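Colleague: Just passing along the structure, written as structure tokens.
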Amino acid sequence: MRWLLGVLVLVVGVAVGQAAQICRIQGGNTKTIWGVGFANGQVEVYAWDVPFDEKSVISALQKTPYRPENFLPKTPPPNARKVPVIAVDPRGFVTAVEWHPYYDASGFFDALNGGHVCWVRNSHGFSQPYLVRSAQPWFVYPERACPGKKIRIFGRNIAARLVALKSRKDGKVILLQRFGNGRHPVYECWAILPENLPAGEYDVYVHNGAGGEAGWGGPIPLTVEVKPEPPKVVLNARDFGAKGNGVDDDTEALRKALVKAGELGGGIVLLPPGLYPISAPIWVPSGVTLQGAGSRNSILIVLPTKPMRFDVPPEIANAMPTHFRARQQESGRGAMVWLRDRSAICDLGLIDGPGTLQAVFASHTNCRIERCYIRQTHGTEPAVMVEWGSYGFVLKDCEIESASDGVFLVHGPHRQAYIGGNVIRNIVPGTANNLFVRSFVDSVIENNLLLDGDRNFVSQLSFSSAYHSAIIGNIWRNNIPRRHNSGENMYESSHAVWHGRVLRADRKTVWVEGKPFAPDELRKRHPQLSDLKPTFALVLDGRGLGQYRRIVSNTENSFTVEPEWEIVPDSSTHIMVGMAYVETLWIDNTEEHTANWTGFWGNCFGNVIDGHILRDGEGLYLWAWHDRLPSPLAFNDIIGSRVIGRGNIVFRGPLVFGNTVRFCEVVDFRYRPSMHIQPVWLQGMEPNQRAGIALEPVWQRIEGLPETAPLKDWNIIEGTHIYDGPIGIFIAPEAKFTILRRNAITVDGEKIVNKSVTTVVQ
């Protein structure tokens, strides 16, 4: 205890003995500001709208290197607005402010309200200026594109007013003239690359009109490639003996046509209309596309009279990934199609039969499946599968029906993947997953219809973190599990592989005591880890609280992060390391008839759920699920979303801090039977005490976590409508500095059950 008090004195001394510093700002109309030096009774916050002059903004970007901090005043100008302070953390790490006093439809548009720039002042002076409303692009899809092609830019506060490229070779700035908003303007924009754009390496920048010369968001890397030549080889499978009569085995004829196309340097193998029986795997060589005449016209089929078998030449078997080959050899089953790197199938049907392992197994690089119909009733593996990481995988405009699992991308990471416009259905409702992904990076999942799964959409980390992806406009309908612990749509992460106090640090590297990051030590905690490159670090307490960074390298007792720390940790800092879901967009998705919870489990930082509609489901959960190790959910936003019929919004577990629920609706959240039998009273819960939004009690402490670390602290609930249920909002005793503002609550009982003495209600 004396040691703890000594650390507390040290932290307070650091917090008040220097000018304030800002490392993070979170929220909408009400914001939390995270940093150091926010002394209670002394802190003042200022906001300023920067004038926008297009010529000067463009001129600023032309400077090399472009440094936004060079274009902002060190102190607020005379016309800056003093922002009302709502609450201050006694140690000076967090302050809450009323950033924008007017609540209207603009609240649905993320953080695009209030001042552009923020300063915090304490008795020692002003903090550095901090950009609040400027564009924050996260990634470009695709990150490799040809002149004349469309690129899409995803992130936060996009609302593009200018889009520019800056050459990495000579610093030349090219303004893109053809651009516009994506499905949701705050999170996406698109742009067309000029036809005469030279190939090379560029950085993408976006300006949304906020921040003036300092307001360019970026850089995001983009590679411009030379336009590819049209396919030189077009072969017809009929010329190699394929009959397509539904009777004769076409396996060898198809193999010959595909191998020949590969030997000629790649091209297209045409499959005219017909029913093509196969009885052993076919493989599509690199650079080759197997092109049908329509998914119901050109069909590969496995006949009951001639089951699939694993029968391929030794040189092909040896070229297969070891685990993929072994599963076929050991089971005596074969996959219908093996897509090798840079290969594709398009406009085909695939119907499996006895002996089929799976319909399609895709390799690592740039595999495409487009406009295909896949029906799998005999396969024991997922209908479509990608393993051990991939780059550029595309599954587009397909229909997949499976009695086993639908689409699996496992292990990972999978970068620059696109899964869009597909219908994926479980033939035997409620028995398998429809879309399962591990770690996606810079990827897009959009406009898919997922039906009748045990879990329609699920992602569970295993070998790597997942970050900077967009899950947009999907419909998940009828999660119908037959048993417990199932039926969720979710992002489920793990927990910390290490947490402890910092020994020392600089702007990029952190050193700790002992050798906890030696490969053998890491494997004891997580068998898949031999180094820290798949992980993120999050500051849980002390100096730098609220910062998270990707780890790019490590030694036995240190790790290096990217980007640099805004506030350098010190010996007061308690930090955790683990795989996590970070800065993913869940935008405009719809769920109907979900038997269990939807949401984020375990390490999840900086994610957004916006415009989500959940009808007849258990609700949205942010759940720090582990009871012995940190598994925090921090700085996630639930915005403009609706939970209708039975469900609610729940913060569960011991580390759920810095999150917001704003401009949402929770309606008709009474407990009632659903398609998932879940007798909550057997778990010690009272159905008639359900709250529309619940910050639940913390039932256990994390061993080794400082007593001062936030548990359910500094969460914001504002502008939210809670209607037709037992009680409105429940605030647990451990939930320090919960901010409740401008909520409309109409319920049977108490509007707010507040067990915490620090809750702020306005």
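In the structure tokens, chains take the letters A, B, ... in the order shown, each chain's residues start at 1, and ligands count up from 1 in the order shown.
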Please return as a PDB file with N, CA and C atoms, in the first residue's frame: the residues of stretch 177-362 of chain A that backbone DSSP assigns to helix (DSSP H, G or I).
Modeller:
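In the end it all went to part.pdb:
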ATOM      1  N   GLY A 212      -7.895  23.706 -41.479  1.00  0.00           N
ATOM      2  CA  GLY A 212      -7.117  24.576 -42.347  1.00  0.00           C
ATOM      3  C   GLY A 212      -5.898  23.879 -42.939  1.00  0.00           C
ATOM      4  N   GLU A 213      -4.761  24.591 -42.942  1.00  0.00           N
ATOM      5  CA  GLU A 213      -3.537  24.038 -43.532  1.00  0.00           C
ATOM      6  C   GLU A 213      -3.065  22.787 -42.805  1.00  0.00           C
ATOM      7  N   ALA A 214      -3.448  22.642 -41.549  1.00  0.00           N
ATOM      8  CA  ALA A 214      -3.034  21.472 -40.760  1.00  0.00           C
ATOM      9  C   ALA A 214      -3.987  20.295 -40.898  1.00  0.00           C
ATOM     10  N   ALA A 237     -12.466 -25.201 -73.132  1.00  0.00           N
ATOM     11  CA  ALA A 237     -12.305 -26.526 -72.529  1.00  0.00           C
ATOM     12  C   ALA A 237     -12.828 -27.633 -73.437  1.00  0.00           C
ATOM     13  N   ARG A 238     -13.781 -27.329 -74.312  1.00  0.00           N
ATOM     14  CA  ARG A 238     -14.303 -28.346 -75.234  1.00  0.00           C
ATOM     15  C   ARG A 238     -13.214 -28.816 -76.212  1.00  0.00           C
ATOM     16  N   ASP A 239     -12.265 -27.916 -76.534  1.00  0.00           N
ATOM     17  CA  ASP A 239     -11.190 -28.291 -77.452  1.00  0.00           C
ATOM     18  C   ASP A 239     -10.215 -29.282 -76.830  1.00  0.00           C
ATOM     19  N   PHE A 240     -10.305 -29.471 -75.514  1.00  0.00           N
ATOM     20  CA  PHE A 240      -9.415 -30.406 -74.823  1.00  0.00           C
ATOM     21  C   PHE A 240     -10.165 -31.666 -74.396  1.00  0.00           C
ATOM     22  N   THR A 251     -12.894 -34.536 -65.719  1.00  0.00           N
ATOM     23  CA  THR A 251     -11.780 -34.124 -64.863  1.00  0.00           C
ATOM     24  C   THR A 251     -10.503 -33.915 -65.667  1.00  0.00           C
ATOM     25  N   GLU A 252     -10.082 -34.921 -66.412  1.00  0.00           N
ATOM     26  CA  GLU A 252      -8.801 -34.838 -67.102  1.00  0.00           C
ATOM     27  C   GLU A 252      -8.827 -33.791 -68.205  1.00  0.00           C
ATOM     28  N   ALA A 253      -9.949 -33.638 -68.889  1.00  0.00           N
ATOM     29  CA  ALA A 253     -10.035 -32.623 -69.946  1.00  0.00           C
ATOM     30  C   ALA A 253      -9.885 -31.221 -69.366  1.00  0.00           C
ATOM     31  N   LEU A 254     -10.539 -30.979 -68.255  1.00  0.00           N
ATOM     32  CA  LEU A 254     -10.410 -29.663 -67.622  1.00  0.00           C
ATOM     33  C   LEU A 254      -8.987 -29.434 -67.135  1.00  0.00           C
ATOM     34  N   ARG A 255      -8.380 -30.448 -66.569  1.00  0.00           N
ATOM     35  CA  ARG A 255      -6.998 -30.314 -66.115  1.00  0.00           C
ATOM     36  C   ARG A 255      -6.076 -29.957 -67.281  1.00  0.00           C
ATOM     37  N   LYS A 256      -6.244 -30.636 -68.403  1.00  0.00           N
ATOM     38  CA  LYS A 256      -5.394 -30.359 -69.554  1.00  0.00           C
ATOM     39  C   LYS A 256      -5.538 -28.925 -70.027  1.00  0.00           C
ATOM     40  N   ALA A 257      -6.767 -28.450 -70.123  1.00  0.00           N
ATOM     41  CA  ALA A 257      -6.995 -27.082 -70.586  1.00  0.00           C
ATOM     42  C   ALA A 257      -6.376 -26.073 -69.633  1.00  0.00           C
ATOM     43  N   LEU A 258      -6.554 -26.285 -68.342  1.00  0.00           N
ATOM     44  CA  LEU A 258      -6.025 -25.338 -67.347  1.00  0.00           C
ATOM     45  C   LEU A 258      -4.498 -25.365 -67.314  1.00  0.00           C
ATOM     46  N   VAL A 259      -3.902 -26.560 -67.355  1.00  0.00           N
ATOM     47  CA  VAL A 259      -2.442 -26.661 -67.343  1.00  0.00           C
ATOM     48  C   VAL A 259      -1.864 -25.989 -68.587  1.00  0.00           C
ATOM     49  N   LYS A 260      -2.499 -26.191 -69.732  1.00  0.00           N
ATOM     50  CA  LYS A 260      -2.009 -25.578 -70.969  1.00  0.00           C
ATOM     51  C   LYS A 260      -2.048 -24.058 -70.869  1.00  0.00           C
ATOM     52  N   ALA A 261      -3.121 -23.506 -70.321  1.00  0.00           N
ATOM     53  CA  ALA A 261      -3.208 -22.050 -70.148  1.00  0.00           C
ATOM     54  C   ALA A 261      -2.089 -21.549 -69.250  1.00  0.00           C
ATOM     55  N   GLY A 262      -1.772 -22.308 -68.199  1.00  0.00           N
ATOM     56  CA  GLY A 262      -0.675 -21.916 -67.325  1.00  0.00           C
ATOM     57  C   GLY A 262       0.658 -21.969 -68.032  1.00  0.00           C
ATOM     58  N   GLU A 263       0.891 -22.997 -68.838  1.00  0.00           N
ATOM     59  CA  GLU A 263       2.152 -23.120 -69.571  1.00  0.00           C
ATOM     60  C   GLU A 263       2.338 -22.003 -70.580  1.00  0.00           C
ATOM     61  N   PRO A 314       1.754 -36.321 -58.363  1.00  0.00           N
ATOM     62  CA  PRO A 314       2.606 -36.046 -57.192  1.00  0.00           C
ATOM     63  C   PRO A 314       3.136 -34.619 -57.161  1.00  0.00           C
ATOM     64  N   GLU A 315       3.501 -34.068 -58.330  1.00  0.00           N
ATOM     65  CA  GLU A 315       4.052 -32.708 -58.311  1.00  0.00           C
ATOM     66  C   GLU A 315       3.010 -31.677 -57.874  1.00  0.00           C
ATOM     67  N   ILE A 316       1.742 -31.930 -58.158  1.00  0.00           N
ATOM     68  CA  ILE A 316       0.681 -31.020 -57.713  1.00  0.00           C
ATOM     69  C   ILE A 316       0.408 -31.234 -56.222  1.00  0.00           C
ATOM     70  N   ALA A 317       0.361 -32.489 -55.808  1.00  0.00           N
ATOM     71  CA  ALA A 317       0.150 -32.765 -54.376  1.00  0.00           C
ATOM     72  C   ALA A 317       1.243 -32.114 -53.538  1.00  0.00           C
ATOM     73  N   ASN A 318       2.488 -32.198 -53.997  1.00  0.00           N
ATOM     74  CA  ASN A 318       3.600 -31.631 -53.232  1.00  0.00           C
ATOM     75  C   ASN A 318       3.566 -30.109 -53.215  1.00  0.00           C
ATOM     76  N   ALA A 319       2.923 -29.512 -54.208  1.00  0.00           N
ATOM     77  CA  ALA A 319       2.826 -28.051 -54.251  1.00  0.00           C
ATOM     78  C   ALA A 319       1.710 -27.520 -53.369  1.00  0.00           C
ATOM     79  N   THR A 322       0.745 -27.963 -46.965  1.00  0.00           N
ATOM     80  CA  THR A 322       0.852 -29.262 -46.295  1.00  0.00           C
ATOM     81  C   THR A 322      -0.436 -29.666 -45.592  1.00  0.00           C
ATOM     82  N   HIS A 323      -1.027 -28.749 -44.855  1.00  0.00           N
ATOM     83  CA  HIS A 323      -2.224 -29.082 -44.088  1.00  0.00           C
ATOM     84  C   HIS A 323      -3.403 -29.389 -45.015  1.00  0.00           C
ATOM     85  N   PHE A 324      -3.475 -28.690 -46.154  1.00  0.00           N
ATOM     86  CA  PHE A 324      -4.551 -28.917 -47.117  1.00  0.00           C
ATOM     87  C   PHE A 324      -4.394 -30.291 -47.772  1.00  0.00           C
ATOM     88  N   ARG A 325      -3.175 -30.615 -48.167  1.00  0.00           N
ATOM     89  CA  ARG A 325      -2.913 -31.926 -48.755  1.00  0.00           C
ATOM     90  C   ARG A 325      -3.202 -33.039 -47.749  1.00  0.00           C
ATOM     91  N   ALA A 326      -2.759 -32.840 -46.506  1.00  0.00           N
ATOM     92  CA  ALA A 326      -2.914 -33.885 -45.495  1.00  0.00           C
ATOM     93  C   ALA A 326      -4.385 -34.191 -45.229  1.00  0.00           C
ATOM     94  N   ARG A 327      -5.221 -33.167 -45.176  1.00  0.00           N
ATOM     95  CA  ARG A 327      -6.644 -33.409 -44.906  1.00  0.00           C
ATOM     96  C   ARG A 327      -7.277 -34.248 -46.011  1.00  0.00           C
ATOM     97  N   GLN A 328      -6.847 -34.022 -47.229  1.00  0.00           N
ATOM     98  CA  GLN A 328      -7.395 -34.811 -48.337  1.00  0.00           C
ATOM     99  C   GLN A 328      -6.861 -36.239 -48.306  1.00  0.00           C
ATOM    100  N   GLN A 329      -5.559 -36.363 -48.069  1.00  0.00           N
ATOM    101  CA  GLN A 329      -4.971 -37.699 -48.045  1.00  0.00           C
ATOM    102  C   GLN A 329      -5.518 -38.544 -46.907  1.00  0.00           C
ATOM    103  N   GLU A 330      -5.631 -37.942 -45.731  1.00  0.00           N
ATOM    104  CA  GLU A 330      -6.067 -38.697 -44.555  1.00  0.00           C
ATOM    105  C   GLU A 330      -7.543 -39.082 -44.637  1.00  0.00           C
ATOM    106  N   SER A 331      -8.340 -38.234 -45.241  1.00  0.00           N
ATOM    107  CA  SER A 331      -9.779 -38.506 -45.309  1.00  0.00           C
ATOM    108  C   SER A 331     -10.184 -39.250 -46.573  1.00  0.00           C
TER     109      SER A 331
END
Colleague: Go through stretch 518-632 of chain A and flag each residue having an atom no more than 12 Å from stretch 411-417 of chain A; for those, report the closest pair of atoms plus their distance in Å to one decimal, using only C-alpha atoms, ordered by chain and rising number, as CSV.
Modeller:
residue,atom,partner,partner_atom,distance
A:Gln528,CA,A:His411,CA,10.0
A:Lys533,CA,A:Pro413,CA,11.6
A:Pro534,CA,A:Pro413,CA,8.8
A:Thr535,CA,A:Pro413,CA,11.7
A:Met579,CA,A:Pro413,CA,11.6
A:Tyr581,CA,A:Pro413,CA,11.8
Colleague: Using only C-alpha atoms, tabulate the residues of stretch 446-498 of chain A lying at most 10 Å from any atom of stretch 399-404 of chain A, each with its closest atom pair and that distance in Å to one decimal, by chain and increasing residue number, as JSON lines.
Modeller:
{"residue": "A:Asn448", "atom": "CA", "partner": "A:Glu399", "partner_atom": "CA", "distance": 9.9}
{"residue": "A:Leu449", "atom": "CA", "partner": "A:Glu399", "partner_atom": "CA", "distance": 9.5}
{"residue": "A:Leu450", "atom": "CA", "partner": "A:Ile400", "partner_atom": "CA", "distance": 9.7}
{"residue": "A:Leu451", "atom": "CA", "partner": "A:Glu401", "partner_atom": "CA", "distance": 9.6}
{"residue": "A:Gly453", "atom": "CA", "partner": "A:Ser404", "partner_atom": "CA", "distance": 9.9}
Colleague: The selected residues should be written to file as a short mmCIF file (atom, residue, chain, number, x, y, z; two decimals), in the first residue's frame (atoms: N, CA, C and O atoms).
Modeller:
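Result saved to out.cif:
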data_model
loop_
_atom_site.label_atom_id
_atom_site.label_comp_id
_atom_site.auth_asym_id
_atom_site.auth_seq_id
_atom_site.Cartn_x
_atom_site.Cartn_y
_atom_site.Cartn_z
N ASN A 448 -23.55 -8.16 -47.98
CA ASN A 448 -23.79 -9.59 -48.01
C ASN A 448 -25.08 -9.91 -47.26
O ASN A 448 -25.43 -9.24 -46.28
N LEU A 449 -25.78 -10.95 -47.70
CA LEU A 449 -26.96 -11.47 -47.02
C LEU A 449 -26.58 -12.83 -46.45
O LEU A 449 -26.27 -13.77 -47.20
N LEU A 450 -26.57 -12.93 -45.12
CA LEU A 450 -26.16 -14.15 -44.42
C LEU A 450 -27.38 -14.72 -43.70
O LEU A 450 -27.98 -14.04 -42.85
N LEU A 451 -27.72 -15.97 -43.99
CA LEU A 451 -29.00 -16.52 -43.58
C LEU A 451 -28.86 -17.84 -42.84
O LEU A 451 -28.06 -18.71 -43.22
N GLY A 453 -27.74 -19.23 -40.12
CA GLY A 453 -26.57 -19.85 -39.53
C GLY A 453 -26.72 -20.08 -38.05
O GLY A 453 -27.57 -19.50 -37.37
#
Colleague: I need the strand (DSSP E or B) residues of stretch 210-300 of chain A per DSSP on the backbone, written as a VMD selection string.
Modeller: chain A and resid 217 to 224 234 to 236 245 267 to 271 274 to 277 282 to 284 288 to 292 298 to 300
Colleague: Could the residues in this selection be written to a file with N, CA and C atoms, as a short mmCIF file (atom, residue, chain, number, x, y, z; two decimals), in the first residue's frame?
Modeller:
data_model
loop_
_atom_site.label_atom_id
_atom_site.label_comp_id
_atom_site.auth_asym_id
_atom_site.auth_seq_id
_atom_site.Cartn_x
_atom_site.Cartn_y
_atom_site.Cartn_z
N GLY A 217 -5.66 14.79 -43.66
CA GLY A 217 -5.56 13.46 -43.05
C GLY A 217 -4.77 12.53 -43.93
N GLY A 218 -3.83 11.83 -43.37
CA GLY A 218 -2.96 10.92 -44.10
C GLY A 218 -1.58 10.96 -43.45
N PRO A 219 -0.57 10.41 -44.09
CA PRO A 219 -0.60 9.76 -45.40
C PRO A 219 -1.00 8.29 -45.33
N ILE A 220 -1.69 7.82 -46.41
CA ILE A 220 -2.03 6.42 -46.57
C ILE A 220 -1.37 5.94 -47.86
N PRO A 221 -0.57 4.88 -47.82
CA PRO A 221 0.18 4.48 -49.02
C PRO A 221 -0.71 3.92 -50.12
N LEU A 222 -0.37 4.25 -51.36
CA LEU A 222 -1.05 3.74 -52.56
C LEU A 222 0.02 3.44 -53.61
N THR A 223 -0.07 2.27 -54.22
CA THR A 223 0.81 1.91 -55.33
C THR A 223 0.02 1.98 -56.62
N VAL A 224 0.47 2.78 -57.57
CA VAL A 224 -0.15 2.87 -58.89
C VAL A 224 0.64 1.99 -59.84
N VAL A 234 -6.84 -17.43 -74.73
CA VAL A 234 -8.23 -17.78 -74.45
C VAL A 234 -8.45 -19.18 -75.03
N LEU A 235 -8.64 -20.15 -74.17
CA LEU A 235 -8.82 -21.54 -74.58
C LEU A 235 -10.24 -21.98 -74.26
N ASN A 236 -10.72 -22.94 -75.04
CA ASN A 236 -12.04 -23.50 -74.82
C ASN A 236 -11.87 -24.93 -74.31
N ASN A 245 -21.74 -33.04 -70.72
CA ASN A 245 -23.03 -33.70 -70.98
C ASN A 245 -23.69 -34.25 -69.72
N GLY A 267 -4.08 -16.86 -68.75
CA GLY A 267 -5.16 -16.46 -69.64
C GLY A 267 -6.48 -16.97 -69.13
N ILE A 268 -7.40 -17.26 -70.07
CA ILE A 268 -8.77 -17.65 -69.73
C ILE A 268 -9.06 -19.02 -70.34
N VAL A 269 -9.65 -19.88 -69.53
CA VAL A 269 -10.20 -21.14 -70.03
C VAL A 269 -11.71 -21.01 -69.97
N LEU A 270 -12.33 -21.06 -71.15
CA LEU A 270 -13.78 -20.91 -71.24
C LEU A 270 -14.46 -22.26 -71.01
N LEU A 271 -15.54 -22.21 -70.26
CA LEU A 271 -16.35 -23.39 -70.00
C LEU A 271 -17.75 -23.11 -70.55
N GLY A 274 -23.09 -26.16 -69.84
CA GLY A 274 -23.10 -27.61 -69.74
C GLY A 274 -22.93 -28.05 -68.30
N LEU A 275 -23.08 -29.36 -68.09
CA LEU A 275 -22.92 -29.97 -66.77
C LEU A 275 -21.68 -30.84 -66.85
N TYR A 276 -20.63 -30.46 -66.10
CA TYR A 276 -19.32 -31.07 -66.22
C TYR A 276 -19.01 -31.92 -64.98
N PRO A 277 -19.18 -33.22 -65.04
CA PRO A 277 -18.84 -34.07 -63.89
C PRO A 277 -17.32 -34.11 -63.67
N ILE A 282 -9.49 -30.39 -59.37
CA ILE A 282 -8.85 -29.66 -60.46
C ILE A 282 -8.19 -28.43 -59.84
N TRP A 283 -7.12 -27.98 -60.49
CA TRP A 283 -6.40 -26.83 -59.97
C TRP A 283 -6.32 -25.76 -61.06
N VAL A 284 -6.41 -24.51 -60.64
CA VAL A 284 -6.35 -23.39 -61.57
C VAL A 284 -4.97 -22.77 -61.42
N VAL A 288 -4.39 -17.81 -64.32
CA VAL A 288 -5.44 -18.41 -65.15
C VAL A 288 -6.81 -18.18 -64.51
N THR A 289 -7.81 -17.89 -65.36
CA THR A 289 -9.19 -17.77 -64.93
C THR A 289 -10.02 -18.85 -65.60
N LEU A 290 -10.76 -19.63 -64.81
CA LEU A 290 -11.73 -20.57 -65.35
C LEU A 290 -13.06 -19.83 -65.44
N GLN A 291 -13.49 -19.57 -66.68
CA GLN A 291 -14.61 -18.66 -66.93
C GLN A 291 -15.79 -19.42 -67.51
N GLY A 292 -16.90 -19.44 -66.78
CA GLY A 292 -18.10 -20.09 -67.27
C GLY A 292 -19.00 -19.14 -68.03
N SER A 298 -22.93 -23.07 -66.63
CA SER A 298 -21.70 -23.88 -66.67
C SER A 298 -21.46 -24.41 -65.27
N ILE A 299 -21.65 -25.71 -65.07
CA ILE A 299 -21.68 -26.27 -63.71
C ILE A 299 -20.70 -27.43 -63.59
N LEU A 300 -19.82 -27.35 -62.60
CA LEU A 300 -19.01 -28.50 -62.18
C LEU A 300 -19.81 -29.28 -61.15
#
Colleague: How many Å lie between atom CA of A:Ile424 and atom CA of A:Trp476, rounded to one decimal?
Modeller: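 Straight-line distance from atom CA of A:Ile424 to atom CA of A:Trp476 works out to 9.8 Å.
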Colleague: Could you list, as a ChimeraX atom specification, every residue within 10 Å of A:Ile716, counting only C-alpha atoms and ignoring same-chain residues fewer than 4 positions away?
Modeller: /A:26-28,30-32,96,637,657-662,737-741,760
Colleague: Would you mind telling me which residue in A:Ala20, A:Val173, A:Ile345, A:Ile192 lies nearest to A:Ser123 when using only C-alpha atoms?
Modeller: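 Comparing A:Ala20, A:Val173, A:Ile345, A:Ile192 against A:Ser123, the winner is A:Ala20.
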Colleague: So that I can see what lies close to A:Val386, please list as a PyMOL selection string the residues with an atom at most 10 Å from it, counting only C-alpha atoms and leaving out residues fewer than 5 positions away in the same chain.
Modeller: chain A and resi 339+360-364+367+393+407-412+414+437
Colleague: How many Å lie between atom CA of A:His378 and atom CA of A:Arg333, rounded to one decimal?
Modeller: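 A separation of 10.4 Å between them.
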Colleague: Could you check which of A:Met576, A:Ala359, A:Leu162, A:Ala735 is closest to A:Trp714, using only C-alpha atoms?
Modeller: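 For A:Trp714, the nearest of the given residues is A:Ala735.
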Colleague: Which residue is closest to A:Trp498? Choose from A:Phe651, A:Tyr46, A:Phe559, A:Tyr141 and count only C-alpha atoms.
Modeller: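 Using only C-alpha atoms, A:Trp498 sits closest to A:Phe559.
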Colleague: Let me make sure I understand: among A:Glu750, A:Pro285, A:Asp249, A:Asn70, which one has the smallest atom-to-atom distance to A:Gly265 if we use only C-alpha atoms?
Modeller: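 Closest candidate: A:Pro285.
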Colleague: Please determine, counting only C-alpha atoms, which residue among A:Ser343, A:Thr560, A:Ser127, A:Ser390 has the shortest atom-to-atom distance to A:Ile22.
Modeller: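 Smallest distance to A:Ile22 is found for A:Ser127.
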